[in-house]
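Okay, coords-v8.txt is below, compact mmCIF, C-alpha atoms and all ligand atoms:
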```
# COMPACT_ATOMS: atom_id res chain seq x y z
CA MET A 17 -39.65 -16.09 -36.97
CA ALA A 18 -36.27 -14.40 -36.73
CA PHE A 19 -37.49 -11.01 -35.65
CA SER A 20 -38.79 -10.22 -32.23
CA ILE A 21 -42.05 -8.35 -32.19
CA ASP A 22 -41.53 -7.56 -28.50
CA LYS A 23 -38.23 -5.91 -29.27
CA ILE A 24 -39.80 -3.84 -32.05
CA ARG A 25 -42.66 -2.77 -29.80
CA GLN A 26 -40.16 -1.52 -27.23
CA ASP A 27 -39.12 1.06 -29.83
CA PHE A 28 -42.62 2.62 -29.89
CA PRO A 29 -43.38 4.21 -26.52
CA LEU A 30 -47.05 4.77 -27.24
CA LEU A 31 -47.60 1.04 -27.78
CA LEU A 32 -46.45 0.44 -24.21
CA GLN A 33 -49.12 2.75 -22.76
CA ALA A 34 -52.24 1.63 -20.98
CA VAL A 35 -55.62 3.04 -21.97
CA LYS A 36 -58.53 2.51 -19.58
CA GLY A 37 -56.30 0.22 -17.56
CA ARG A 38 -55.52 -2.07 -20.49
CA PRO A 39 -52.60 -2.23 -22.89
CA VAL A 40 -53.50 -0.08 -25.88
CA CYS A 41 -54.45 -2.10 -28.97
CA TYR A 42 -53.66 0.36 -31.73
CA LEU A 43 -55.31 -0.69 -35.00
CA ASP A 44 -55.75 2.70 -36.67
CA ASN A 45 -52.44 2.87 -38.51
CA ALA A 46 -54.05 3.95 -41.77
CA ALA A 47 -55.13 7.17 -40.02
CA THR A 48 -51.75 7.80 -38.43
CA ALA A 49 -48.91 5.54 -37.34
CA GLN A 50 -47.03 5.56 -34.02
CA LYS A 51 -43.51 6.95 -33.87
CA PRO A 52 -40.39 5.12 -32.75
CA GLN A 53 -38.41 6.70 -29.90
CA VAL A 54 -35.60 7.60 -32.33
CA VAL A 55 -37.98 9.90 -34.21
CA ILE A 56 -39.24 11.54 -31.02
CA ASP A 57 -35.61 11.94 -29.89
CA ALA A 58 -34.60 13.47 -33.22
CA LEU A 59 -37.22 16.21 -32.79
CA THR A 60 -36.04 16.96 -29.25
CA ARG A 61 -32.40 16.89 -30.32
CA PHE A 62 -33.02 19.32 -33.16
CA TYR A 63 -34.75 21.84 -30.89
CA THR A 64 -32.23 21.30 -28.10
CA GLU A 65 -29.01 21.46 -30.08
CA GLN A 66 -29.53 22.62 -33.64
CA ASN A 67 -32.53 24.91 -33.96
CA ALA A 68 -32.00 27.76 -36.42
CA ASN A 69 -33.68 28.76 -39.66
CA VAL A 70 -32.42 27.23 -42.91
CA HIS A 71 -30.93 28.82 -46.04
CA ARG A 72 -30.40 32.20 -44.39
CA GLY A 73 -27.77 32.46 -41.73
CA ALA A 74 -24.04 32.56 -42.37
CA TYR A 75 -23.50 31.30 -38.82
CA TYR A 76 -22.70 27.78 -37.76
CA LEU A 77 -26.09 26.75 -36.36
CA SER A 78 -27.98 27.84 -39.44
CA GLN A 79 -25.49 26.02 -41.66
CA SER A 80 -25.85 22.93 -39.55
CA ALA A 81 -29.69 23.07 -39.66
CA THR A 82 -29.53 23.59 -43.43
CA ASP A 83 -27.19 20.63 -43.83
CA ALA A 84 -29.48 18.39 -41.80
CA TYR A 85 -32.56 19.54 -43.73
CA GLU A 86 -30.88 18.92 -47.09
CA ALA A 87 -29.56 15.56 -45.88
CA ALA A 88 -33.17 14.64 -45.09
CA ARG A 89 -34.14 15.56 -48.66
CA ARG A 90 -31.35 13.32 -50.02
CA ARG A 91 -32.48 10.51 -47.71
CA ILE A 92 -36.02 10.72 -49.07
CA ALA A 93 -34.80 10.84 -52.68
CA HIS A 94 -32.82 7.68 -51.98
CA PHE A 95 -35.81 6.05 -50.24
CA LEU A 96 -37.99 6.61 -53.32
CA ASN A 97 -35.14 5.91 -55.73
CA ALA A 98 -35.64 9.32 -57.35
CA ALA A 99 -33.07 10.50 -59.86
CA SER A 100 -32.15 13.62 -57.85
CA PRO A 101 -32.89 15.30 -54.48
CA SER A 102 -34.10 18.33 -56.43
CA GLU A 103 -37.13 16.22 -57.36
CA ILE A 104 -38.18 16.10 -53.69
CA VAL A 105 -40.33 18.97 -52.42
CA PHE A 106 -41.22 19.11 -48.72
CA THR A 107 -44.85 19.98 -48.05
CA ARG A 108 -47.06 20.02 -44.97
CA ASN A 109 -48.67 16.68 -45.85
CA ALA A 110 -49.92 14.68 -48.84
CA THR A 111 -52.96 16.91 -49.15
CA GLU A 112 -50.80 19.97 -49.66
CA ALA A 113 -48.62 18.09 -52.16
CA ILE A 114 -51.67 17.23 -54.31
CA ASN A 115 -53.01 20.78 -54.05
CA LEU A 116 -49.60 22.02 -55.17
CA VAL A 117 -49.71 19.90 -58.33
CA ALA A 118 -53.34 20.83 -59.06
CA ALA A 119 -52.58 24.53 -58.65
CA ALA A 120 -49.11 24.87 -60.15
CA TRP A 121 -49.25 22.25 -62.89
CA GLY A 122 -53.01 22.03 -63.48
CA ARG A 123 -53.73 25.75 -63.64
CA THR A 124 -50.84 26.26 -66.04
CA PHE A 125 -51.18 23.36 -68.41
CA LEU A 126 -54.87 22.38 -68.48
CA LYS A 127 -57.60 24.13 -70.46
CA ALA A 128 -61.38 23.93 -70.83
CA GLY A 129 -62.59 20.53 -72.01
CA ASP A 130 -59.48 18.63 -70.87
CA GLU A 131 -60.11 15.40 -69.02
CA ILE A 132 -58.72 14.04 -65.77
CA ILE A 133 -59.08 10.43 -64.67
CA LEU A 134 -59.47 9.55 -60.97
CA SER A 135 -60.36 6.21 -59.40
CA SER A 136 -63.23 5.02 -57.21
CA LEU A 137 -60.72 4.23 -54.48
CA GLU A 138 -59.43 7.78 -54.00
CA HIS A 139 -59.12 9.56 -50.68
CA HIS A 140 -60.85 12.97 -50.64
CA ALA A 141 -57.37 14.51 -50.78
CA ASN A 142 -57.00 13.15 -54.31
CA ILE A 143 -60.52 14.15 -55.39
CA VAL A 144 -61.38 17.59 -54.07
CA PRO A 145 -58.31 19.52 -55.37
CA TRP A 146 -59.13 18.19 -58.87
CA GLN A 147 -62.79 19.11 -58.51
CA LEU A 148 -61.88 22.66 -57.50
CA LEU A 149 -59.60 22.88 -60.51
CA ALA A 150 -62.22 21.33 -62.81
CA LYS A 151 -64.74 23.95 -61.71
CA GLU A 152 -62.29 26.77 -62.25
CA LYS A 153 -61.02 25.59 -65.64
CA ASP A 154 -64.05 23.73 -67.00
CA LEU A 155 -62.38 20.32 -66.97
CA ILE A 156 -64.06 16.94 -67.10
CA ILE A 157 -63.43 14.33 -64.40
CA LYS A 158 -63.84 10.66 -65.21
CA VAL A 159 -63.74 7.86 -62.66
CA ILE A 160 -62.28 4.35 -62.92
CA PRO A 161 -65.02 1.98 -61.69
CA LEU A 162 -64.63 -0.62 -58.98
CA LEU A 163 -65.03 -4.37 -59.41
CA ALA A 164 -66.98 -6.32 -56.79
CA SER A 165 -63.64 -7.58 -55.42
CA GLY A 166 -62.54 -4.06 -54.50
CA ASP A 167 -60.02 -4.00 -57.36
CA LEU A 168 -60.10 -1.30 -60.01
CA ASP A 169 -61.49 -2.25 -63.43
CA PHE A 170 -58.47 -1.95 -65.72
CA GLU A 171 -60.50 -2.68 -68.85
CA ALA A 172 -62.91 0.16 -68.03
CA TYR A 173 -59.93 2.41 -67.27
CA THR A 174 -58.52 1.99 -70.77
CA GLN A 175 -61.93 2.93 -72.16
CA LEU A 176 -61.96 6.27 -70.33
CA PHE A 177 -59.12 7.61 -72.48
CA THR A 178 -59.95 10.06 -75.26
CA ALA A 179 -57.93 12.58 -77.25
CA LYS A 180 -58.73 15.05 -74.43
CA THR A 181 -57.31 12.99 -71.56
CA ARG A 182 -54.44 14.87 -69.91
CA PHE A 183 -53.94 13.53 -66.41
CA VAL A 184 -54.47 10.50 -64.18
CA ALA A 185 -54.46 10.88 -60.38
CA ILE A 186 -54.58 7.47 -58.73
CA THR A 187 -53.86 5.83 -55.41
CA ALA A 188 -51.33 3.01 -55.03
CA VAL A 189 -53.26 1.48 -52.14
CA SER A 190 -56.80 2.06 -50.89
CA ASN A 191 -56.87 3.45 -47.35
CA THR A 192 -60.30 1.86 -46.86
CA LEU A 193 -60.13 -1.61 -48.45
CA GLY A 194 -56.37 -2.17 -48.48
CA THR A 195 -56.48 -2.84 -52.24
CA VAL A 196 -53.04 -2.71 -53.84
CA VAL A 197 -53.48 -1.24 -57.33
CA PRO A 198 -51.26 -2.84 -60.02
CA LEU A 199 -49.88 0.59 -60.81
CA GLU A 200 -47.30 -0.42 -63.37
CA SER A 201 -50.03 -1.30 -65.88
CA PHE A 202 -52.10 1.79 -65.06
CA ILE A 203 -49.12 4.10 -65.44
CA SER A 204 -47.69 2.55 -68.58
CA TYR A 205 -51.10 2.65 -70.25
CA ALA A 206 -51.39 6.38 -69.47
CA HIS A 207 -47.85 7.03 -70.68
CA ALA A 208 -48.50 5.15 -73.91
CA ASN A 209 -51.27 7.72 -74.43
CA GLU A 210 -48.97 10.61 -73.46
CA VAL A 211 -50.94 11.27 -70.30
CA LEU A 212 -49.23 12.25 -67.02
CA VAL A 213 -49.81 10.34 -63.80
CA LEU A 214 -49.83 11.39 -60.14
CA VAL A 215 -49.59 8.54 -57.62
CA ASP A 216 -50.95 8.85 -54.09
CA ALA A 217 -48.53 6.57 -52.21
CA CYS A 218 -49.70 7.42 -48.65
CA GLN A 219 -50.76 3.85 -47.84
CA ALA A 220 -48.10 2.16 -49.95
CA VAL A 221 -44.90 3.48 -48.33
CA PRO A 222 -45.71 2.08 -44.86
CA HIS A 223 -46.15 -1.45 -46.28
CA PHE A 224 -43.83 -2.07 -49.21
CA LYS A 225 -40.99 -0.66 -51.25
CA VAL A 226 -42.03 2.14 -53.58
CA ASP A 227 -39.59 2.59 -56.44
CA ILE A 228 -39.86 5.65 -58.68
CA ALA A 229 -37.57 4.09 -61.26
CA LEU A 230 -39.88 1.08 -61.50
CA TRP A 231 -43.27 2.82 -61.61
CA GLN A 232 -41.98 5.95 -63.35
CA PRO A 233 -44.80 8.21 -62.15
CA ASP A 234 -44.69 11.87 -63.11
CA PHE A 235 -45.69 12.93 -59.60
CA LEU A 236 -45.92 10.94 -56.39
CA VAL A 237 -46.99 12.05 -52.92
CA PHE A 238 -46.93 10.62 -49.43
CA THR A 239 -47.42 11.89 -45.91
CA GLY A 240 -44.87 11.59 -43.09
CA HIS A 241 -47.14 10.78 -40.16
CA LYS A 242 -48.38 7.52 -41.70
CA LEU A 243 -44.78 6.43 -42.29
CA PHE A 244 -43.90 6.50 -38.56
CA GLY A 245 -42.62 10.07 -38.96
CA PRO A 246 -43.76 13.39 -37.47
CA ASN A 247 -46.99 15.23 -38.24
CA GLY A 248 -46.85 18.24 -40.51
CA ILE A 249 -44.40 16.92 -43.10
CA GLY A 250 -45.29 15.56 -46.50
CA VAL A 251 -43.42 14.80 -49.69
CA LEU A 252 -44.02 15.65 -53.31
CA TYR A 253 -41.87 13.86 -55.86
CA GLY A 254 -41.99 15.39 -59.34
CA ARG A 255 -39.94 14.62 -62.43
CA ALA A 256 -37.29 17.34 -62.62
CA ALA A 257 -38.30 18.58 -66.08
CA LEU A 258 -41.93 18.81 -65.04
CA LEU A 259 -41.30 20.60 -61.75
CA SER A 260 -38.99 23.01 -63.55
CA SER A 261 -41.74 23.83 -66.03
CA MET A 262 -44.16 24.82 -63.26
CA PRO A 263 -44.69 28.26 -61.71
CA PRO A 264 -44.56 28.62 -57.90
CA TYR A 265 -47.46 27.42 -55.75
CA GLN A 266 -47.09 29.94 -52.94
CA GLY A 267 -45.03 33.11 -52.86
CA GLY A 268 -42.80 34.34 -50.08
CA GLY A 269 -39.33 34.00 -48.65
CA GLY A 270 -37.02 31.14 -49.55
CA MET A 271 -38.36 30.65 -53.08
CA ILE A 272 -37.16 33.80 -54.84
CA GLU A 273 -34.01 34.64 -56.71
CA ARG A 274 -34.51 38.38 -56.87
CA VAL A 275 -37.48 40.48 -55.75
CA ALA A 276 -38.36 43.88 -57.14
CA PHE A 277 -41.78 45.50 -57.32
CA GLU A 278 -41.49 45.46 -61.12
CA GLU A 279 -40.58 41.79 -61.40
CA THR A 280 -39.57 38.89 -59.21
CA THR A 281 -37.66 35.86 -60.40
CA PHE A 282 -37.88 32.47 -58.75
CA ARG A 283 -35.38 29.94 -57.56
CA ALA A 284 -34.79 26.60 -59.19
CA ILE A 285 -36.48 23.43 -57.94
CA PRO A 286 -37.11 22.33 -55.26
CA GLU A 287 -36.80 25.66 -53.39
CA ARG A 288 -39.25 27.32 -55.80
CA PHE A 289 -42.01 25.27 -54.14
CA GLU A 290 -40.96 25.79 -50.53
CA ALA A 291 -42.08 29.32 -49.70
CA GLY A 292 -41.56 30.39 -46.12
CA THR A 293 -39.86 28.55 -43.27
CA PRO A 294 -40.23 24.82 -43.79
CA ALA A 295 -40.95 22.17 -41.14
CA ILE A 296 -37.23 21.64 -40.57
CA ALA A 297 -37.32 19.36 -37.53
CA ASP A 298 -40.13 17.31 -39.03
CA ALA A 299 -38.28 16.76 -42.31
CA ILE A 300 -35.27 15.55 -40.30
CA GLY A 301 -37.58 13.38 -38.17
CA LEU A 302 -39.06 11.82 -41.30
CA ALA A 303 -35.59 10.89 -42.55
CA VAL A 304 -34.93 9.27 -39.16
CA ALA A 305 -38.16 7.27 -39.48
CA ILE A 306 -36.98 6.06 -42.88
CA ASP A 307 -33.59 5.14 -41.43
CA TYR A 308 -35.37 3.21 -38.68
CA LEU A 309 -37.34 1.22 -41.25
CA ALA A 310 -34.28 0.61 -43.40
CA ALA A 311 -32.48 -0.86 -40.39
CA GLN A 312 -35.17 -3.56 -40.07
CA ASP A 313 -35.36 -6.72 -42.14
CA THR A 314 -38.16 -5.39 -44.34
CA ALA A 315 -38.83 -8.79 -45.93
CA LEU A 316 -39.61 -10.16 -42.47
CA LEU A 317 -41.82 -7.18 -41.64
CA GLU A 318 -43.77 -7.73 -44.85
CA GLN A 319 -44.15 -11.44 -44.09
CA HIS A 320 -45.38 -10.59 -40.62
CA GLU A 321 -47.94 -8.12 -42.00
CA ALA A 322 -49.15 -10.67 -44.54
CA ALA A 323 -49.54 -13.25 -41.76
CA LEU A 324 -51.45 -10.74 -39.60
CA LEU A 325 -53.78 -10.08 -42.53
CA ARG A 326 -54.38 -13.79 -43.20
CA HIS A 327 -55.04 -14.48 -39.54
CA GLY A 328 -57.26 -11.41 -39.24
CA LEU A 329 -59.37 -12.30 -42.27
CA MET A 330 -59.75 -15.87 -41.03
CA ARG A 331 -60.86 -14.77 -37.56
CA LEU A 332 -63.17 -12.00 -38.79
CA GLN A 333 -64.83 -14.27 -41.35
CA ALA A 334 -65.88 -16.49 -38.45
CA VAL A 335 -67.74 -13.69 -36.63
CA PRO A 336 -71.51 -14.01 -37.22
CA SER A 337 -73.20 -11.08 -39.00
CA LEU A 338 -69.85 -9.54 -39.86
CA ARG A 339 -69.29 -8.62 -43.49
CA ILE A 340 -65.83 -7.79 -44.78
CA LEU A 341 -65.87 -5.31 -47.65
CA GLY A 342 -63.89 -6.27 -50.74
CA ASN A 343 -61.62 -9.19 -51.40
CA PRO A 344 -58.89 -7.60 -53.53
CA THR A 345 -56.26 -9.55 -55.44
CA HIS A 346 -53.46 -7.94 -53.43
CA GLN A 347 -54.07 -6.32 -50.07
CA VAL A 348 -52.10 -4.58 -47.35
CA PRO A 349 -53.32 -5.26 -43.79
CA ILE A 350 -56.23 -2.83 -43.90
CA VAL A 351 -59.69 -4.36 -43.45
CA SER A 352 -63.09 -2.67 -43.56
CA PHE A 353 -66.16 -4.41 -42.20
CA VAL A 354 -69.73 -3.88 -41.05
CA MET A 355 -71.83 -5.86 -38.57
CA GLU A 356 -75.41 -6.38 -39.63
CA GLY A 357 -77.79 -4.25 -37.57
CA VAL A 358 -75.03 -2.43 -35.66
CA HIS A 359 -73.96 1.09 -36.51
CA PRO A 360 -70.19 1.23 -37.17
CA HIS A 361 -69.81 4.01 -34.60
CA ASP A 362 -71.51 1.89 -31.94
CA LEU A 363 -69.26 -1.03 -32.81
CA ALA A 364 -66.14 1.15 -32.61
CA THR A 365 -67.30 2.52 -29.24
CA TYR A 366 -67.78 -1.04 -27.99
CA LEU A 367 -64.22 -1.89 -29.14
CA ASP A 368 -62.90 1.25 -27.47
CA SER A 369 -64.25 0.02 -24.14
CA VAL A 370 -61.48 -2.61 -24.21
CA ALA A 371 -58.81 -0.22 -25.55
CA ILE A 372 -59.07 -1.25 -29.20
CA CYS A 373 -58.46 1.76 -31.45
CA VAL A 374 -60.21 1.43 -34.81
CA ARG A 375 -61.72 3.97 -37.13
CA ALA A 376 -65.47 4.13 -37.88
CA GLY A 377 -66.79 6.35 -40.64
CA HIS A 378 -66.27 6.98 -44.32
CA HIS A 379 -62.44 7.17 -44.05
CA CYS A 380 -62.38 10.25 -46.33
CA THR A 381 -63.63 8.05 -49.17
CA GLN A 382 -67.33 8.93 -49.49
CA PRO A 383 -67.51 8.11 -53.23
CA LEU A 384 -66.09 4.65 -52.47
CA MET A 385 -68.70 4.18 -49.70
CA ARG A 386 -71.35 4.88 -52.35
CA CYS A 387 -69.80 2.25 -54.69
CA LEU A 388 -69.85 -0.25 -51.83
CA GLY A 389 -73.44 0.60 -50.92
CA VAL A 390 -72.69 1.56 -47.31
CA GLN A 391 -72.60 4.85 -45.38
CA SER A 392 -69.64 3.93 -43.24
CA THR A 393 -67.54 1.00 -42.08
CA VAL A 394 -65.31 -0.01 -39.23
CA ARG A 395 -61.70 -0.19 -40.35
CA ALA A 396 -58.89 -2.06 -38.65
CA SER A 397 -55.49 -1.19 -40.08
CA PHE A 398 -52.33 -2.95 -38.97
CA ALA A 399 -48.65 -2.07 -38.94
CA PHE A 400 -45.63 -4.35 -38.57
CA TYR A 401 -45.64 -3.74 -34.81
CA ASN A 402 -49.08 -5.28 -34.32
CA THR A 403 -49.36 -8.79 -32.92
CA PHE A 404 -51.45 -11.91 -33.42
CA GLU A 405 -52.71 -11.40 -29.85
CA GLU A 406 -54.07 -8.01 -30.91
CA VAL A 407 -55.82 -9.58 -33.90
CA ASP A 408 -57.34 -12.17 -31.56
CA HIS A 409 -58.35 -9.47 -29.09
CA LEU A 410 -60.18 -7.68 -31.93
CA ALA A 411 -61.90 -10.86 -33.13
CA ASP A 412 -62.86 -12.01 -29.60
CA THR A 413 -64.30 -8.58 -28.83
CA LEU A 414 -66.27 -8.60 -32.08
CA LEU A 415 -67.74 -11.97 -31.07
CA ALA A 416 -68.71 -10.44 -27.73
CA ALA A 417 -70.17 -7.44 -29.55
CA TYR A 418 -72.29 -9.75 -31.67
CA GLN A 419 -73.78 -11.27 -28.50
CA PHE A 420 -74.16 -7.84 -26.91
CA PHE A 421 -75.97 -6.14 -29.80
CA LYS A 422 -78.01 -9.20 -30.86
C1 LIG B 1 -54.12 9.94 -45.27
C2 LIG B 1 -54.22 9.91 -46.73
C3 LIG B 1 -54.11 11.08 -47.48
C4 LIG B 1 -53.96 12.44 -46.86
O1 LIG B 1 -52.89 12.52 -45.98
P1 LIG B 1 -52.73 13.87 -45.12
O2 LIG B 1 -51.61 13.60 -44.20
O3 LIG B 1 -54.03 14.05 -44.40
O4 LIG B 1 -52.49 14.96 -46.08
C5 LIG B 1 -54.20 10.98 -48.85
N1 LIG B 1 -54.34 9.80 -49.44
C6 LIG B 1 -54.44 8.65 -48.76
C7 LIG B 1 -54.57 7.36 -49.50
C8 LIG B 1 -54.38 8.66 -47.39
O5 LIG B 1 -54.48 7.53 -46.70
```
In structure tokens, how does this file's structure come out?
Ligand SMILES: *Cc1c(COP(=O)(O)O)cnc(C)c1O
Amino acid sequence: MAFSIDKIRQDFPLLLQAVKGRPVCYLDNAATAQKPQVVIDALTRFYTEQNANVHRGAYYLSQSATDAYEAARRRIAHFLNAASPSEIVFTRNATEAINLVAAAWGRTFLKAGDEIILSSLEHHANIVPWQLLAKEKDLIIKVIPLLASGDLDFEAYTQLFTAKTRFVAITAVSNTLGTVVPLESFISYAHANEVLVLVDACQAVPHFKVDIALWQPDFLVFTGHKLFGPNGIGVLYGRAALLSSMPPYQGGGGMIERVAFEETTFRAIPERFEAGTPAIADAIGLAVAIDYLAAQDTALLEQHEAALLRHGLMRLQAVPSLRILGNPTHQVPIVSFVMEGVHPHDLATYLDSVAICVRAGHHCTQPLMRCLGVQSTVRASFAFYNTFEEVDHLADTLLAAYQFFK
């Protein structure tokens, strides 16, 4: 293979750390990804050389910080292939981006009896904001069922639509099963019924190209820290006409045109949705993470991830008493499993004893756990910087765990 995994790993200082005297085996990328040195350096450089508030000062530093912040917005618009940087709103994370849409769009445009469609695969972040809104506005939530494979049931989805359907909020990739949802069909079906769609792209952007022009979602969100960027920065994409039709989410500085006690008028998009001082350094850091990815041969990274997944599935299938959940048509390298008779937390603790970092629990997808008939799973989630040796280390340790717990 033409790319050197060792060279890539050198870019991620945390991957070179030892935990409990062993090289760390980081397989919890779906919870948060590690950051390349260039991202860490960008944060330090901003605070060392450029720190000032944006949009306010007439002085050089503030101009320079503003320029860098707006350049980051343009970089993200380009990354998503959005029509304009004004369609990119910086938020704290994906959760805040979804809450923004539920509050600003949902409260304004939905009324009692309207229906929202969610899927069985959703993260709590794409369920709870809609439930809060449904309670407040008397809306009805319908759920796309899951097939035994871990894919969504498209046929059943089409049957959920009625004259009252107004909105679909759906994930591009399951953070628990790794299922890649064939979004183009889901979105075009909704659009054919004049229904808007929000896409949760948190687990898609780290693994493959997400193209707004191709999917044509009305809203799309992702979170920076899972895309090798800093914590505390998220992105909301919204179609310009839609965002422009929405009232502010939060009020404060930075989002107003003119304030008087009688009446306040608001700025155009995207500033209307960025009340208060934004996470300037983190937005810049996220753009650097995207630059880092763009400088790689992404086709090779995707091939490597696919090979890791194939190897991982093969090795895990050979572990006695281990059951892998789902077998989706298309999958990113995220795998959930349970070992018969062993509590997922005990299994994760056993793996931790040899420096393997995996997640045990419900992965913020309790409704999906119910569909799968389990309380919790162990989840191993890989990034392009993971190695075949790490996959083998996981599988060998699971074999040892089987002997240990038997
Ligand atoms: C992590 C995740 C979220 C929430 O991201 P935050 O950074 O916690 O806001 C939402 N959806 C999916 C699919 C996720 O994996």
(Q) Within 9 Å of ligand LIG 1 (chain B) (counting only C-alpha atoms and all ligand atoms), which residues show up? I'd like them as an NGL selection string. (A) :A and (46-48 or 108-114 or 137-142 or 187-192 or 216-220 or 237-242 or 247-250 or 379-380)
What does the file look like for those residues with C-alpha atoms, as a PDB file, in the coordinates of the input?
```pdb
ATOM      1  CA  ALA A  46     -54.050   3.950 -41.770  1.00  0.00           C
ATOM      2  CA  ALA A  47     -55.130   7.170 -40.020  1.00  0.00           C
ATOM      3  CA  THR A  48     -51.750   7.800 -38.430  1.00  0.00           C
ATOM      4  CA  ARG A 108     -47.060  20.020 -44.970  1.00  0.00           C
ATOM      5  CA  ASN A 109     -48.670  16.680 -45.850  1.00  0.00           C
ATOM      6  CA  ALA A 110     -49.920  14.680 -48.840  1.00  0.00           C
ATOM      7  CA  THR A 111     -52.960  16.910 -49.150  1.00  0.00           C
ATOM      8  CA  GLU A 112     -50.800  19.970 -49.660  1.00  0.00           C
ATOM      9  CA  ALA A 113     -48.620  18.090 -52.160  1.00  0.00           C
ATOM     10  CA  ILE A 114     -51.670  17.230 -54.310  1.00  0.00           C
ATOM     11  CA  LEU A 137     -60.720   4.230 -54.480  1.00  0.00           C
ATOM     12  CA  GLU A 138     -59.430   7.780 -54.000  1.00  0.00           C
ATOM     13  CA  HIS A 139     -59.120   9.560 -50.680  1.00  0.00           C
ATOM     14  CA  HIS A 140     -60.850  12.970 -50.640  1.00  0.00           C
ATOM     15  CA  ALA A 141     -57.370  14.510 -50.780  1.00  0.00           C
ATOM     16  CA  ASN A 142     -57.000  13.150 -54.310  1.00  0.00           C
ATOM     17  CA  THR A 187     -53.860   5.830 -55.410  1.00  0.00           C
ATOM     18  CA  ALA A 188     -51.330   3.010 -55.030  1.00  0.00           C
ATOM     19  CA  VAL A 189     -53.260   1.480 -52.140  1.00  0.00           C
ATOM     20  CA  SER A 190     -56.800   2.060 -50.890  1.00  0.00           C
ATOM     21  CA  ASN A 191     -56.870   3.450 -47.350  1.00  0.00           C
ATOM     22  CA  THR A 192     -60.300   1.860 -46.860  1.00  0.00           C
ATOM     23  CA  ASP A 216     -50.950   8.850 -54.090  1.00  0.00           C
ATOM     24  CA  ALA A 217     -48.530   6.570 -52.210  1.00  0.00           C
ATOM     25  CA  CYS A 218     -49.700   7.420 -48.650  1.00  0.00           C
ATOM     26  CA  GLN A 219     -50.760   3.850 -47.840  1.00  0.00           C
ATOM     27  CA  ALA A 220     -48.100   2.160 -49.950  1.00  0.00           C
ATOM     28  CA  VAL A 237     -46.990  12.050 -52.920  1.00  0.00           C
ATOM     29  CA  PHE A 238     -46.930  10.620 -49.430  1.00  0.00           C
ATOM     30  CA  THR A 239     -47.420  11.890 -45.910  1.00  0.00           C
ATOM     31  CA  GLY A 240     -44.870  11.590 -43.090  1.00  0.00           C
ATOM     32  CA  HIS A 241     -47.140  10.780 -40.160  1.00  0.00           C
ATOM     33  CA  LYS A 242     -48.380   7.520 -41.700  1.00  0.00           C
ATOM     34  CA  ASN A 247     -46.990  15.230 -38.240  1.00  0.00           C
ATOM     35  CA  GLY A 248     -46.850  18.240 -40.510  1.00  0.00           C
ATOM     36  CA  ILE A 249     -44.400  16.920 -43.100  1.00  0.00           C
ATOM     37  CA  GLY A 250     -45.290  15.560 -46.500  1.00  0.00           C
ATOM     38  CA  HIS A 379     -62.440   7.170 -44.050  1.00  0.00           C
ATOM     39  CA  CYS A 380     -62.380  10.250 -46.330  1.00  0.00           C
TER      40      CYS A 380
END
```
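Picture a line from CA of Ala311 (chain A) to CA of Val196 (chain A); it runs 24.6 Å.
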Q | Computed interatomic separation between CA of Asp234 (chain A) and CA of Tyr265 (chain A) (Å) | A | 17.4 Å
Q: Find the residues around region 390-395 of chain A up to 6 Å (all atoms listed in the file counted), leave out those fewer than 6 positions away in its own chain, and share them as a PyMOL selection string.
A: chain A and resi 351-354+360+374-378
**Q.** Non-local contacts of Val35 (chain A) (9 Å; only C-alpha atoms; under 6 positions in same chain excluded) as a VMD selection string
**A.** chain A and resid 41 370 to 371
How close does each residue of region 255-304 of chain A get to region 125-128 of chain A, giving the shortest atom pair and distance in Å to one decimal for every residue with an atom at most 12 Å away, counting only C-alpha atoms, sorted by chain and residue number, as CSV?
```
residue,atom,partner,partner_atom,distance
A:Leu258,CA,A:Phe125,CA,10.8
A:Ser261,CA,A:Phe125,CA,9.7
A:Met262,CA,A:Phe125,CA,8.8
A:Pro263,CA,A:Phe125,CA,10.5
```
Please complete region 87-91 of chain A so it has N, CA, C and O atoms, and hand it over as a PDB file, in the frame of the given file.
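What follows is the written file out00.pdb:
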```pdb
ATOM      1  N   ALA A  87     -29.865  17.001 -45.996  1.00  0.00           N
ATOM      2  CA  ALA A  87     -29.560  15.560 -45.880  1.00  0.00           C
ATOM      3  C   ALA A  87     -30.852  14.755 -45.833  1.00  0.00           C
ATOM      4  O   ALA A  87     -30.958  13.667 -46.408  1.00  0.00           O
ATOM      5  N   ALA A  88     -31.863  15.321 -45.161  1.00  0.00           N
ATOM      6  CA  ALA A  88     -33.170  14.640 -45.090  1.00  0.00           C
ATOM      7  C   ALA A  88     -33.770  14.540 -46.504  1.00  0.00           C
ATOM      8  O   ALA A  88     -34.317  13.502 -46.882  1.00  0.00           O
ATOM      9  N   ARG A  89     -33.623  15.586 -47.277  1.00  0.00           N
ATOM     10  CA  ARG A  89     -34.140  15.560 -48.660  1.00  0.00           C
ATOM     11  C   ARG A  89     -33.427  14.458 -49.460  1.00  0.00           C
ATOM     12  O   ARG A  89     -34.057  13.696 -50.196  1.00  0.00           O
ATOM     13  N   ARG A  90     -32.093  14.371 -49.295  1.00  0.00           N
ATOM     14  CA  ARG A  90     -31.350  13.320 -50.020  1.00  0.00           C
ATOM     15  C   ARG A  90     -31.792  11.935 -49.562  1.00  0.00           C
ATOM     16  O   ARG A  90     -31.904  11.003 -50.364  1.00  0.00           O
ATOM     17  N   ARG A  91     -32.061  11.811 -48.245  1.00  0.00           N
ATOM     18  CA  ARG A  91     -32.480  10.510 -47.710  1.00  0.00           C
ATOM     19  C   ARG A  91     -33.807  10.081 -48.337  1.00  0.00           C
ATOM     20  O   ARG A  91     -34.019   8.914 -48.657  1.00  0.00           O
TER      21      ARG A  91
END
```
